[in-house]
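Here is the file final-v5.cif (mmCIF, C-alpha atoms (C1' of nucleotides)).
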```
data_upload
loop_
_atom_site.label_atom_id
_atom_site.label_comp_id
_atom_site.auth_asym_id
_atom_site.auth_seq_id
_atom_site.Cartn_x
_atom_site.Cartn_y
_atom_site.Cartn_z
CA MET A 1 0.00 0.00 0.00
CA THR A 2 1.38 3.35 -1.01
CA SER A 3 0.79 6.35 1.18
CA PHE A 4 1.04 10.00 0.30
CA GLN A 5 3.79 10.29 2.85
CA GLU A 6 5.86 7.86 0.91
CA ILE A 7 5.41 9.71 -2.35
CA LEU A 8 6.09 13.10 -0.83
CA SER A 9 9.17 11.99 1.01
CA LYS A 10 10.72 10.66 -2.16
CA PRO A 11 13.61 12.97 -3.08
CA SER A 12 12.48 15.32 -5.82
CA ILE A 13 14.70 16.80 -8.47
CA PHE A 14 12.20 19.62 -8.97
CA LYS A 15 12.32 22.76 -6.92
CA ASP A 16 9.43 24.58 -8.58
CA ASN A 17 8.13 23.13 -11.81
CA SER A 18 5.69 25.98 -12.45
CA VAL A 19 8.75 27.87 -13.70
CA LEU A 20 8.86 25.42 -16.58
CA SER A 21 5.21 25.83 -17.53
CA PRO A 22 4.48 27.69 -20.75
CA HIS A 23 2.35 30.23 -18.88
CA TYR A 24 5.19 31.42 -16.70
CA VAL A 25 6.34 34.93 -17.56
CA PRO A 26 9.96 35.34 -16.48
CA LEU A 27 11.16 38.62 -15.00
CA ASN A 28 13.69 39.08 -17.70
CA LEU A 29 13.47 37.72 -21.18
CA PRO A 30 16.84 36.93 -22.68
CA PHE A 31 17.52 37.98 -26.28
CA ARG A 32 14.36 40.05 -26.56
CA ASP A 33 15.63 43.31 -25.08
CA SER A 34 15.51 45.23 -28.33
CA GLN A 35 12.02 44.02 -29.17
CA ILE A 36 10.71 44.84 -25.72
CA LYS A 37 12.24 48.27 -25.88
CA GLU A 38 10.63 48.88 -29.23
CA ILE A 39 7.21 47.85 -27.97
CA MET A 40 7.62 50.03 -24.90
CA GLU A 41 8.52 53.00 -27.02
CA ILE A 42 5.43 52.60 -29.13
CA VAL A 43 3.15 52.02 -26.18
CA SER A 44 4.63 54.83 -24.09
CA LEU A 45 2.77 57.42 -26.12
CA ALA A 46 -0.38 56.30 -24.39
CA LEU A 47 1.03 57.43 -21.06
CA LYS A 48 1.17 60.95 -22.48
CA ASN A 49 -2.43 60.45 -23.61
CA GLN A 50 -1.57 60.27 -27.26
CA LYS A 51 -2.73 57.44 -29.44
CA PRO A 52 0.08 54.95 -30.13
CA ARG A 53 0.45 53.53 -33.62
CA ASN A 54 -1.04 50.12 -34.23
CA LEU A 55 1.47 47.34 -34.11
CA PHE A 56 1.69 43.99 -35.76
CA ILE A 57 4.02 41.31 -34.45
CA TYR A 58 4.94 38.30 -36.45
CA GLY A 59 7.03 35.33 -35.38
CA LYS A 60 6.93 31.55 -35.20
CA THR A 61 5.40 29.81 -32.19
CA GLY A 62 7.53 30.00 -29.08
CA SER A 63 9.66 32.88 -30.26
CA GLY A 64 8.66 35.04 -27.31
CA LYS A 65 5.99 37.23 -28.90
CA THR A 66 3.30 36.75 -26.30
CA CYS A 67 5.80 36.73 -23.48
CA SER A 68 7.34 40.01 -24.55
CA VAL A 69 4.03 41.75 -24.96
CA LYS A 70 2.77 40.47 -21.62
CA HIS A 71 5.98 41.65 -20.06
CA VAL A 72 5.43 45.15 -21.39
CA MET A 73 1.78 44.98 -20.43
CA ASP A 74 2.57 44.21 -16.79
CA LYS A 75 4.88 47.19 -16.63
CA PHE A 76 2.44 49.44 -18.43
CA ASN A 77 -0.51 48.58 -16.25
CA SER A 78 1.48 49.10 -13.06
CA VAL A 79 2.61 52.59 -14.08
CA ASN A 80 -0.52 53.62 -15.84
CA PRO A 81 -2.73 56.28 -14.36
CA ALA A 82 -5.82 56.13 -16.55
CA SER A 83 -5.11 54.04 -19.58
CA LEU A 84 -5.29 50.30 -19.98
CA MET A 85 -3.73 47.51 -21.94
CA ILE A 86 -5.96 44.47 -22.43
CA TYR A 87 -4.81 41.03 -23.53
CA LEU A 88 -7.19 38.84 -25.51
CA ASN A 89 -6.60 35.43 -26.98
CA SER A 90 -8.41 35.43 -30.28
CA ARG A 91 -8.78 31.69 -30.25
CA ILE A 92 -11.44 32.20 -27.61
CA TYR A 93 -12.60 35.67 -28.55
CA ASN A 94 -12.83 35.03 -32.25
CA SER A 95 -15.40 37.50 -33.50
CA ARG A 96 -15.87 41.24 -33.50
CA TYR A 97 -18.82 40.91 -31.18
CA ARG A 98 -17.04 38.75 -28.62
CA ILE A 99 -14.02 41.01 -28.57
CA MET A 100 -16.05 44.16 -28.09
CA GLN A 101 -18.00 42.43 -25.36
CA LYS A 102 -14.87 41.28 -23.59
CA ILE A 103 -13.32 44.74 -23.75
CA MET A 104 -16.38 46.41 -22.33
CA LYS A 105 -16.73 43.79 -19.63
CA GLN A 106 -13.51 45.16 -18.15
CA PHE A 107 -15.27 48.43 -17.44
CA ILE A 108 -18.90 47.51 -17.06
CA PRO A 109 -19.41 44.00 -15.66
CA GLU A 110 -23.13 43.95 -16.45
CA LEU A 111 -22.34 43.82 -20.14
CA GLU A 112 -20.99 40.31 -19.79
CA LYS A 113 -24.21 38.63 -20.86
CA SER A 114 -25.03 38.37 -24.53
CA GLY A 115 -28.05 39.90 -26.11
CA PHE A 116 -26.78 43.44 -26.30
CA GLY A 117 -26.48 44.68 -29.82
CA LEU A 118 -23.16 45.61 -31.30
CA PRO A 119 -24.14 49.31 -31.61
CA HIS A 120 -24.92 49.34 -27.91
CA LEU A 121 -21.42 48.07 -27.06
CA TYR A 122 -19.92 50.52 -29.52
CA GLU A 123 -21.68 53.47 -27.90
CA LYS A 124 -20.50 52.41 -24.47
CA LEU A 125 -16.96 52.03 -25.72
CA ILE A 126 -16.91 55.54 -27.11
CA GLU A 127 -18.57 56.96 -24.06
CA PHE A 128 -15.97 55.33 -21.85
CA THR A 129 -12.78 56.12 -23.75
CA SER A 130 -13.86 59.70 -24.33
CA LYS A 131 -12.97 60.44 -20.72
CA GLY A 132 -9.33 60.75 -21.74
CA LYS A 133 -8.46 57.08 -21.80
CA GLN A 134 -6.02 55.30 -24.05
CA LEU A 135 -6.98 51.71 -24.68
CA ILE A 136 -4.50 49.24 -26.09
CA VAL A 137 -6.00 45.98 -27.19
CA VAL A 138 -3.62 43.07 -27.59
CA LEU A 139 -5.04 40.46 -29.96
CA ASP A 140 -3.03 37.28 -29.71
CA GLU A 141 -3.42 34.77 -32.54
CA ILE A 142 -5.20 37.50 -34.44
CA ASP A 143 -5.57 35.29 -37.51
CA MET A 144 -8.28 33.32 -35.69
CA ILE A 145 -10.69 36.25 -35.81
CA LYS A 146 -13.38 35.52 -38.36
CA ASP A 147 -14.38 39.08 -39.18
CA LEU A 148 -11.12 40.89 -38.57
CA ASP A 149 -11.72 43.41 -41.35
CA GLU A 150 -14.92 44.58 -39.70
CA LEU A 151 -13.29 44.69 -36.29
CA VAL A 152 -10.37 46.81 -37.47
CA TYR A 153 -12.80 49.07 -39.29
CA THR A 154 -14.98 49.46 -36.22
CA LEU A 155 -12.08 50.24 -33.93
CA THR A 156 -10.38 52.68 -36.29
CA ARG A 157 -13.67 54.41 -36.91
CA ALA A 158 -14.25 54.63 -33.19
CA ASN A 159 -11.05 56.64 -32.96
CA ASP A 160 -12.59 59.35 -35.11
CA GLU A 161 -15.50 59.68 -32.73
CA ILE A 162 -13.60 59.54 -29.47
CA LYS A 163 -12.65 62.89 -28.09
CA GLY A 164 -9.65 63.00 -25.77
CA GLY A 165 -8.77 59.31 -25.90
CA GLY A 166 -8.02 56.52 -28.31
CA ILE A 167 -7.89 52.84 -29.10
CA SER A 168 -4.86 51.03 -30.50
CA ILE A 169 -4.37 47.47 -31.59
CA ILE A 170 -1.42 45.18 -31.09
CA GLY A 171 -1.86 42.11 -33.25
CA ILE A 172 0.16 38.95 -32.78
CA SER A 173 0.32 36.11 -35.28
CA ASN A 174 2.47 33.25 -36.40
CA LYS A 175 0.78 32.97 -39.75
CA LEU A 176 2.54 35.04 -42.36
CA SER A 177 0.15 34.32 -45.21
CA PHE A 178 -2.91 35.75 -43.53
CA LYS A 179 -1.70 39.29 -44.23
CA ASN A 180 -2.74 38.88 -47.84
CA GLU A 181 -6.22 37.75 -46.94
CA LEU A 182 -6.96 41.08 -45.32
CA ASP A 183 -8.87 43.92 -46.84
CA PRO A 184 -6.32 46.52 -48.05
CA ARG A 185 -7.77 49.21 -45.84
CA SER A 186 -7.60 47.23 -42.62
CA LYS A 187 -4.20 45.92 -43.66
CA SER A 188 -2.65 49.38 -43.87
CA SER A 189 -4.28 50.31 -40.61
CA LEU A 190 -3.17 47.22 -38.75
CA TYR A 191 0.36 47.25 -40.11
CA GLU A 192 1.24 50.82 -39.12
CA THR A 193 4.28 49.30 -37.50
CA GLU A 194 5.52 45.79 -38.00
CA MET A 195 7.90 43.69 -35.95
CA VAL A 196 9.39 40.29 -36.60
CA PHE A 197 10.55 37.93 -33.87
CA PRO A 198 13.19 35.53 -35.16
CA PRO A 199 13.20 31.96 -33.83
CA TYR A 200 15.73 31.25 -31.11
CA THR A 201 19.03 29.71 -32.07
CA SER A 202 20.50 26.68 -30.38
CA ASN A 203 22.80 28.81 -28.21
CA GLN A 204 20.01 31.11 -27.15
CA LEU A 205 17.82 28.15 -26.23
CA GLN A 206 20.64 26.78 -24.13
CA HIS A 207 20.78 30.02 -22.24
CA ILE A 208 17.01 30.13 -21.72
CA LEU A 209 16.90 26.54 -20.53
CA LEU A 210 19.76 27.12 -18.16
CA GLN A 211 17.99 30.11 -16.65
CA ARG A 212 14.79 28.15 -16.06
CA VAL A 213 16.48 24.98 -14.93
CA GLU A 214 18.26 26.93 -12.21
CA LYS A 215 14.94 28.08 -10.85
CA GLY A 216 12.88 25.00 -11.52
CA PHE A 217 15.21 22.12 -10.68
CA GLU A 218 17.26 21.34 -7.63
CA LYS A 219 20.88 22.32 -7.95
CA GLY A 220 22.96 19.94 -10.05
CA SER A 221 20.11 17.66 -11.01
CA VAL A 222 20.33 18.30 -14.73
CA GLU A 223 23.44 17.43 -16.68
CA SER A 224 24.60 20.26 -18.87
CA SER A 225 24.88 17.95 -21.85
CA ALA A 226 21.16 17.18 -21.45
CA ILE A 227 20.37 20.88 -21.67
CA ASN A 228 22.53 21.22 -24.74
CA LEU A 229 20.84 18.28 -26.37
CA ALA A 230 17.36 19.65 -25.67
CA ALA A 231 18.41 23.00 -27.13
CA ALA A 232 19.90 21.38 -30.20
CA ILE A 233 16.87 19.20 -30.87
CA THR A 234 14.55 22.18 -30.52
CA ALA A 235 16.63 24.51 -32.67
CA GLN A 236 16.68 21.93 -35.39
CA GLU A 237 12.95 21.37 -35.31
CA SER A 238 11.46 24.80 -34.79
CA GLY A 239 13.29 27.08 -32.36
CA ASP A 240 10.14 27.00 -30.23
CA ALA A 241 11.16 27.85 -26.68
CA ARG A 242 7.99 26.32 -25.30
CA TYR A 243 8.90 23.03 -26.91
CA ALA A 244 12.36 23.15 -25.35
CA LEU A 245 10.86 23.76 -21.93
CA LYS A 246 8.37 20.95 -22.34
CA LEU A 247 11.20 18.69 -23.35
CA ILE A 248 13.28 19.38 -20.28
CA LEU A 249 10.25 19.19 -18.00
CA LYS A 250 9.25 15.83 -19.42
CA ALA A 251 12.83 14.60 -19.21
CA GLY A 252 12.79 15.57 -15.54
CA GLU A 253 9.57 13.67 -14.98
CA ILE A 254 10.97 10.60 -16.67
CA ALA A 255 14.13 10.73 -14.57
CA GLN A 256 11.98 11.19 -11.48
CA GLN A 257 9.83 8.17 -12.29
CA ASN A 258 12.93 6.05 -12.60
CA SER A 259 14.13 7.36 -9.26
CA LYS A 260 17.15 8.98 -10.84
CA LEU A 261 18.77 11.99 -9.27
CA LYS A 262 20.16 13.47 -12.44
CA VAL A 263 18.59 14.18 -15.83
CA ASN A 264 20.80 13.02 -18.67
CA ASP A 265 20.77 12.75 -22.48
CA GLU A 266 18.89 9.49 -22.42
CA ASP A 267 15.96 11.08 -20.59
CA VAL A 268 15.81 13.89 -23.13
CA GLU A 269 15.71 11.41 -25.98
CA LEU A 270 12.87 9.54 -24.30
CA ALA A 271 11.06 12.78 -23.55
CA ARG A 272 11.16 13.75 -27.18
CA LYS A 273 8.69 11.04 -28.20
CA ARG A 274 6.44 11.65 -25.23
CA VAL A 275 6.25 15.37 -25.91
CA GLU A 276 5.05 14.78 -29.46
CA ILE A 277 2.18 12.67 -28.17
CA ASP A 278 1.41 15.04 -25.31
CA LEU A 279 1.23 17.99 -27.63
CA ALA A 280 -1.23 16.20 -29.88
CA ALA A 281 -3.20 15.00 -26.86
CA GLU A 282 -3.52 18.54 -25.61
CA THR A 283 -5.01 19.91 -28.80
CA ILE A 284 -7.24 16.88 -29.25
CA ALA A 285 -8.61 17.09 -25.73
CA THR A 286 -9.76 20.68 -26.20
CA LEU A 287 -11.44 19.92 -29.52
CA PRO A 288 -15.24 20.20 -29.72
CA PHE A 289 -17.09 16.89 -29.80
CA ASN A 290 -17.85 16.71 -33.50
CA HIS A 291 -14.27 17.57 -34.41
CA GLN A 292 -13.17 14.68 -32.23
CA LEU A 293 -15.59 12.33 -33.92
CA VAL A 294 -14.36 13.29 -37.38
CA LEU A 295 -10.78 12.86 -36.27
CA TYR A 296 -11.59 9.49 -34.79
CA ALA A 297 -13.24 8.45 -38.03
CA ILE A 298 -10.06 9.38 -39.87
CA ALA A 299 -7.88 7.51 -37.41
CA PHE A 300 -10.14 4.46 -37.58
CA LEU A 301 -10.07 4.34 -41.35
CA SER A 302 -6.34 4.97 -41.41
CA ILE A 303 -5.79 1.83 -39.40
CA ASN A 304 -8.01 -0.27 -41.62
CA GLY A 305 -6.91 1.33 -44.87
CA SER A 306 -9.07 3.13 -47.38
CA LYS A 307 -11.75 0.98 -49.00
CA TYR A 308 -12.28 3.46 -51.79
CA ALA A 309 -8.60 3.66 -52.54
CA ARG A 310 -8.36 -0.11 -52.65
CA LEU A 311 -11.32 -0.31 -55.01
CA GLU A 312 -9.86 2.24 -57.35
CA GLY A 313 -6.33 0.96 -57.12
CA PHE A 314 -5.09 4.08 -55.39
CA ASN A 315 -2.41 4.68 -52.83
CA GLU A 316 -4.01 3.27 -49.69
CA GLU A 317 -2.24 5.77 -47.52
CA PHE A 318 -4.84 8.38 -48.38
CA LEU A 319 -8.48 8.51 -47.44
CA PHE A 320 -11.31 9.91 -49.51
CA SER A 321 -13.36 12.71 -48.05
CA GLY A 322 -16.60 10.88 -48.81
CA GLU A 323 -15.78 7.69 -46.96
CA ILE A 324 -14.73 9.64 -43.90
CA TYR A 325 -18.09 11.32 -43.77
CA GLU A 326 -19.81 7.95 -43.99
CA GLU A 327 -17.72 6.68 -41.09
CA TYR A 328 -18.43 9.84 -39.15
CA GLU A 329 -22.16 9.25 -39.64
CA ASN A 330 -21.74 5.70 -38.35
CA LEU A 331 -20.00 6.97 -35.27
CA THR A 332 -22.67 9.51 -34.46
CA LYS A 333 -25.25 6.73 -34.60
CA LYS A 334 -23.23 4.69 -32.15
CA VAL A 335 -23.23 7.49 -29.59
CA HIS A 336 -26.89 8.32 -30.32
CA LYS A 337 -26.23 11.77 -31.66
CA LYS A 338 -27.29 13.39 -34.88
CA ALA A 339 -24.62 13.94 -37.51
CA ARG A 340 -23.84 17.43 -38.67
CA SER A 341 -24.42 18.21 -42.32
CA VAL A 342 -21.76 17.68 -44.96
CA ARG A 343 -21.30 21.40 -45.20
CA TRP A 344 -20.16 21.62 -41.62
CA TYR A 345 -18.18 18.46 -41.85
CA LYS A 346 -16.07 20.29 -44.43
CA GLU A 347 -15.54 23.12 -41.99
CA TYR A 348 -14.40 20.60 -39.40
CA LEU A 349 -11.87 19.25 -41.85
CA ASN A 350 -10.58 22.76 -42.43
CA ASP A 351 -10.21 23.30 -38.71
CA LEU A 352 -8.39 20.02 -38.23
CA GLU A 353 -6.02 20.91 -41.01
CA MET A 354 -5.37 24.32 -39.47
CA LEU A 355 -4.38 22.61 -36.26
CA GLY A 356 -1.97 20.42 -38.18
CA LEU A 357 -3.77 17.24 -37.18
CA ILE A 358 -4.41 16.21 -40.77
CA THR A 359 -3.13 17.12 -44.21
CA THR A 360 -5.32 17.35 -47.28
CA THR A 361 -4.52 17.30 -50.98
CA PRO A 362 -6.85 17.72 -53.92
CA SER A 363 -7.01 14.48 -55.87
CA GLY A 364 -5.99 15.80 -59.29
CA LYS A 365 -6.44 12.74 -61.44
CA GLY A 366 -9.38 11.24 -59.60
CA VAL A 367 -11.16 8.10 -60.62
CA ARG A 368 -14.46 9.31 -59.25
CA GLY A 369 -14.25 12.84 -60.44
CA HIS A 370 -12.96 15.21 -57.79
CA THR A 371 -12.28 14.48 -54.20
CA THR A 372 -9.97 15.47 -51.41
CA LEU A 373 -7.39 13.05 -50.15
CA ILE A 374 -6.82 13.10 -46.44
CA LYS A 375 -4.01 11.86 -44.32
CA LEU A 376 -3.54 11.88 -40.57
CA GLY A 377 -0.78 14.03 -39.12
CA GLY A 378 0.35 11.68 -36.37
CA SER A 379 0.26 7.99 -35.68
CA PRO A 380 -3.28 6.62 -36.24
CA GLN A 381 -3.00 4.17 -33.36
CA ASP A 382 -1.97 6.85 -30.86
CA ILE A 383 -4.73 9.21 -31.93
CA SER A 384 -7.33 6.49 -31.97
CA ASP A 385 -6.34 5.41 -28.45
CA LEU A 386 -6.49 8.98 -27.22
CA LEU A 387 -9.95 9.54 -28.62
CA LYS A 388 -11.44 6.21 -27.66
CA LYS A 389 -11.28 7.30 -24.02
CA THR A 390 -12.86 10.71 -24.51
CA ILE A 391 -15.61 9.83 -26.96
CA LEU A 392 -17.15 6.55 -25.97
CA LEU A 393 -18.40 7.35 -22.48
"C1'" DC B 394 -18.91 17.72 -77.50
"C1'" DC B 395 -21.96 17.02 -73.34
"C1'" DT B 396 -23.09 15.11 -68.87
"C1'" DC B 397 -22.22 13.22 -64.53
"C1'" DC B 398 -19.50 12.60 -60.42
"C1'" DA B 399 -17.76 14.12 -56.04
"C1'" DC B 400 -16.54 17.58 -54.16
"C1'" DA B 401 -15.59 23.24 -52.61
"C1'" DG B 402 -17.45 26.87 -50.66
"C1'" DG B 403 -20.76 31.14 -50.88
"C1'" DA B 404 -25.55 32.87 -49.58
"C1'" DA B 405 -29.71 32.79 -47.19
"C1'" DG B 406 -32.14 31.76 -43.60
"C1'" DC B 407 -33.58 29.16 -39.24
"C1'" DG B 408 -33.85 28.29 -34.21
"C1'" DC B 409 -32.09 29.52 -30.00
"C1'" DA B 410 -30.56 32.22 -26.05
"C1'" DG B 411 -30.72 36.29 -24.05
"C1'" DG B 412 -31.15 41.05 -24.14
"C1'" DA B 413 -34.35 45.94 -24.75
"C1'" DG B 414 -38.55 48.54 -25.08
"C1'" DT B 415 -43.36 48.82 -24.33
"C1'" DA C 416 -46.35 39.58 -20.91
"C1'" DC C 417 -45.44 40.76 -25.40
"C1'" DT C 418 -42.71 41.78 -29.47
"C1'" DC C 419 -38.53 42.74 -31.68
"C1'" DC C 420 -33.59 42.65 -31.84
"C1'" DT C 421 -28.70 40.47 -31.96
"C1'" DG C 422 -24.96 36.96 -32.65
"C1'" DC C 423 -23.96 32.24 -33.44
"C1'" DG C 424 -23.98 27.49 -34.93
"C1'" DC C 425 -26.08 25.21 -38.09
"C1'" DT C 426 -28.87 23.46 -42.31
"C1'" DT C 427 -30.45 24.02 -46.93
"C1'" DC C 428 -29.77 25.42 -51.34
"C1'" DC C 429 -26.99 26.68 -54.93
"C1'" DT C 430 -23.25 27.57 -58.23
"C1'" DG C 431 -18.63 26.27 -59.74
"C1'" DT C 432 -14.92 23.05 -61.07
"C1'" DG C 433 -12.00 19.50 -63.42
"C1'" DG C 434 -11.65 14.93 -64.97
"C1'" DA C 435 -14.15 10.48 -66.58
"C1'" DG C 436 -17.00 8.42 -69.59
"C1'" DG C 437 -20.23 8.30 -73.10
#
```
Kindly return the structure encoded in the file as structure tokens.
Amino acid sequence: MTSFQEILSKPSIFKDNSVLSPHYVPLNLPFRDSQIKEIMEIVSLALKNQKPRNLFIYGKTGSGKTCSVKHVMDKFNSVNPASLMIYLNSRIYNSRYRIMQKIMKQFIPELEKSGFGLPHLYEKLIEFTSKGKQLIVVLDEIDMIKDLDELVYTLTRANDEIKGGGISIIGISNKLSFKNELDPRSKSSLYETEMVFPPYTSNQLQHILLQRVEKGFEKGSVESSAINLAAAITAQESGDARYALKLILKAGEIAQQNSKLKVNDEDVELARKRVEIDLAAETIATLPFNHQLVLYAIAFLSINGSKYARLEGFNEEFLFSGEIYEEYENLTKKVHKKARSVRWYKEYLNDLEMLGLITTTPSGKGVRGHTTLIKLGGSPQDISDLLKKTILL
DNA sequence: CCTCCACAGGAAGCGCAGGAGT
DNA sequence: ACTCCTGCGCTTCCTGTGGAGG
């Protein structure tokens, strides 16, 4: 029989593993001094009650964009007399209405409930900022906003009506291509200033890891070669600092499980595989139900191979869009739910592709006219196992 | 050539939840 | 209590597209 005492008294190599979590904002961000300074300079105008220029920040995931902005935001909001910087994740607040609502909720809590018209929120916003307030709205993952053109238009137009205050936008994105999908007017407005965050190099990652390991792990419990390896692996793959941190955290957990006192290269190598699966598991777990069902259908068919492809003498690696929908319908019956229409099923596929869980290619020379060929991003067995637990009761 | 297949994706509109105004 | 409004997820309907097969 194991007791909690036993577990707790086991020597831990962690001192404080929250330091290694992706949500932790460190007091100083290495290698981002110039970027932080630039953001501060832009934002500082608001402290003199002048409207700062809009800013657009581009950089790959885990290159410190969000961290840097949050860093500046903390400073700004602690100095600030009247103005306010608000952070919004556009994955959650993904429409003009929701963003306006969230902004206004900061000032007037009663506006939290839906049902208020957009003009109503707009009036309140103008009324509020006209008392000499500078509002800086940070829109993280700005490419997720469905009606961004309208939002930018609304906010820029609001500036014309506000007397004695202003609203500025800081947009953050890791999708370079989305710039071209914007309406030219909102593009020029949003891109008044543009910043690029380069991915971290192997040496920089080493430094970052070292800094966090010192705080998060007990002294001397991570071999320096393990840190170097984690940095090298990450730099080669993406330069994503979050990935590097996950890697070292997982390596620590693996070492801990094996009752080791020191994290070495071997643990990092093992962690590498686990992190891949964990990352996928995380996105899959937060997926809405129907998305999960579609994904499960794809995984299921991937394991059994494509019937259509076999019939037509195609590469069995790919699945046909049509057969996946059929399987999806089967699944919904099994869980006694109604299937969504084909139209929405297509939207689900788009979403899944956006998340990198599947890849799609148009069939080109199709036997049955046109179709889309679909392939799973990860290992079908892993994904199927993951989903089996969450879907079927 | 035309027509059909199997799909992509836009447009309209519906039901619902939750307001406001009367 | 009632009517009307809004945003959102969704369905229904529709047009478009490129190759296969007649």
message: Could you tell me, as a list in words, exactly which residues end up selected when the PyMOL selection byres ((chain B) within 9 of (chain A)) is applied to this structure?
response: DC397, DC398, DA399, DC400, DA401, DG402, DA410, DG411, DG412 and DA413 of chain B
- request: Starting from the shown file, work through the PyMOL selection byres ((chain B and resi 407) around 9) and note down what comes out as a list in words.
  value: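 Applying the PyMOL selection byres ((chain B and resi 407) around 9) to the structure shown produces DG406 and DG408 of chain B; DC425 and DT426 of chain C.
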message: What's the separation between CA of Phe56 in chain A and CA of Gly165 in chain A, in Å to one decimal place?
response: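 Distance reported for this atom pair: 21.0 Å.
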message: For the PyMOL selection byres ((chain B and resi 415) around 10), applied here, can you spell out every residue it catches as a list of chain:residue names?
response: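 Matching residues under the PyMOL selection byres ((chain B and resi 415) around 10) are B:DA413, B:DG414, C:DC417, C:DT418.
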message: Residues of chain C within 9 Å of chain A, counting all atoms listed in the file, what are they? List them as a list in words.
response: DC420, DT421, DG422, DC425, DT426, DT432, DG433, DG434 and DA435 of chain C
- prompt: Which value, in Å to one decimal, gives the distance between CA of Ala299 in chain A and CA of Ser384 in chain A?
  reply: 5.6 Å
- prompt: Restricting the calculation to all atoms listed in the file, which member of A:Val72, A:Leu376, A:Val268, A:Ile172 is positioned closest to Glu41 in chain A?
  reply: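 Looking only at the distances to Glu41 in chain A, the closest residue turns out to be A:Val72.
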message: As an exercise, work out the distance from CA of Ala271 in chain A to CA of Ser9 in chain A in Å and give it to one decimal place.
response: 24.6 Å
Padding 5 Å on each side, edges along x, y and z: where is the centre of the box around the listed atoms of range 405-412 of chain B, and how long are its edges in Å to one decimal? Output it as lines of an AutoDock Vina configuration file.
```
center_x = -31.8
center_y = 34.7
center_z = -35.6
size_x = 14.1
size_y = 22.8
size_z = 33.1
```
- request: Find the spatial neighbours of DG403 in chain B, counting all atoms listed in the file, within a cut-off of 12 Å - ignore same-chain residues fewer than 2 positions away - and output them as a PyMOL selection string.
  value: (chain A and resi 343) or (chain B and resi 401+405) or (chain C and resi 428-431)
Please dump the current selection as a compact mmCIF listing (two decimals), in the coordinates of the input; keep C-alpha atoms (C1' of nucleotides).
```
# COMPACT_ATOMS: atom_id res chain seq x y z
CA ARG A 343 -21.30 21.40 -45.20
C1' DA B 401 -15.59 23.24 -52.61
C1' DA B 405 -29.71 32.79 -47.19
C1' DC C 428 -29.77 25.42 -51.34
C1' DC C 429 -26.99 26.68 -54.93
C1' DT C 430 -23.25 27.57 -58.23
C1' DG C 431 -18.63 26.27 -59.74
```
- request: For Glu123 in chain A, please output as a list in words all residues within 12 Å (counting all atoms listed in the file; exclusion window: fewer than 4 positions along the same chain).
  value: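 Surrounding residues, per the criterion: Met100, Gln101, Met104, Phe116, Gly117, Leu118, Pro119, Glu127, Phe128, Thr129, Ser130, Thr154, Leu155, Ala158, Glu161 and Ile162 of chain A.
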Around (14.9, 12.6, -29.4) in the file's own coordinates, what residues are found within 12 Å if you use all atoms listed in the file, given back as a tab-separated table (two decimals) with C-alpha atoms, in the coordinates of the input?
```tsv
chain	number	residue	atom	x	y	z
A	226	ALA	CA	21.16	17.18	-21.45
A	229	LEU	CA	20.84	18.28	-26.37
A	230	ALA	CA	17.36	19.65	-25.67
A	231	ALA	CA	18.41	23.00	-27.13
A	232	ALA	CA	19.90	21.38	-30.20
A	233	ILE	CA	16.87	19.20	-30.87
A	234	THR	CA	14.55	22.18	-30.52
A	236	GLN	CA	16.68	21.93	-35.39
A	237	GLU	CA	12.95	21.37	-35.31
A	244	ALA	CA	12.36	23.15	-25.35
A	247	LEU	CA	11.20	18.69	-23.35
A	248	ILE	CA	13.28	19.38	-20.28
A	250	LYS	CA	9.25	15.83	-19.42
A	251	ALA	CA	12.83	14.60	-19.21
A	265	ASP	CA	20.77	12.75	-22.48
A	266	GLU	CA	18.89	9.49	-22.42
A	267	ASP	CA	15.96	11.08	-20.59
A	268	VAL	CA	15.81	13.89	-23.13
A	269	GLU	CA	15.71	11.41	-25.98
A	270	LEU	CA	12.87	9.54	-24.30
A	271	ALA	CA	11.06	12.78	-23.55
A	272	ARG	CA	11.16	13.75	-27.18
A	273	LYS	CA	8.69	11.04	-28.20
A	274	ARG	CA	6.44	11.65	-25.23
A	275	VAL	CA	6.25	15.37	-25.91
A	276	GLU	CA	5.05	14.78	-29.46
```
Any idea what's packed within 9 Å of Lys262 in chain A, counting all atoms listed in the file, ignoring anything in its chain fewer than 4 positions away? Could you give it as a tab-separated table (two decimals) with C-alpha atoms, in the coordinates of the input?
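Okay, this is what ended up in part_15.tsv:
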```
chain	number	residue	atom	x	y	z
A	13	ILE	CA	14.70	16.80	-8.47
A	220	GLY	CA	22.96	19.94	-10.05
A	221	SER	CA	20.11	17.66	-11.01
A	222	VAL	CA	20.33	18.30	-14.73
A	223	GLU	CA	23.44	17.43	-16.68
A	252	GLY	CA	12.79	15.57	-15.54
A	255	ALA	CA	14.13	10.73	-14.57
A	256	GLN	CA	11.98	11.19	-11.48
```
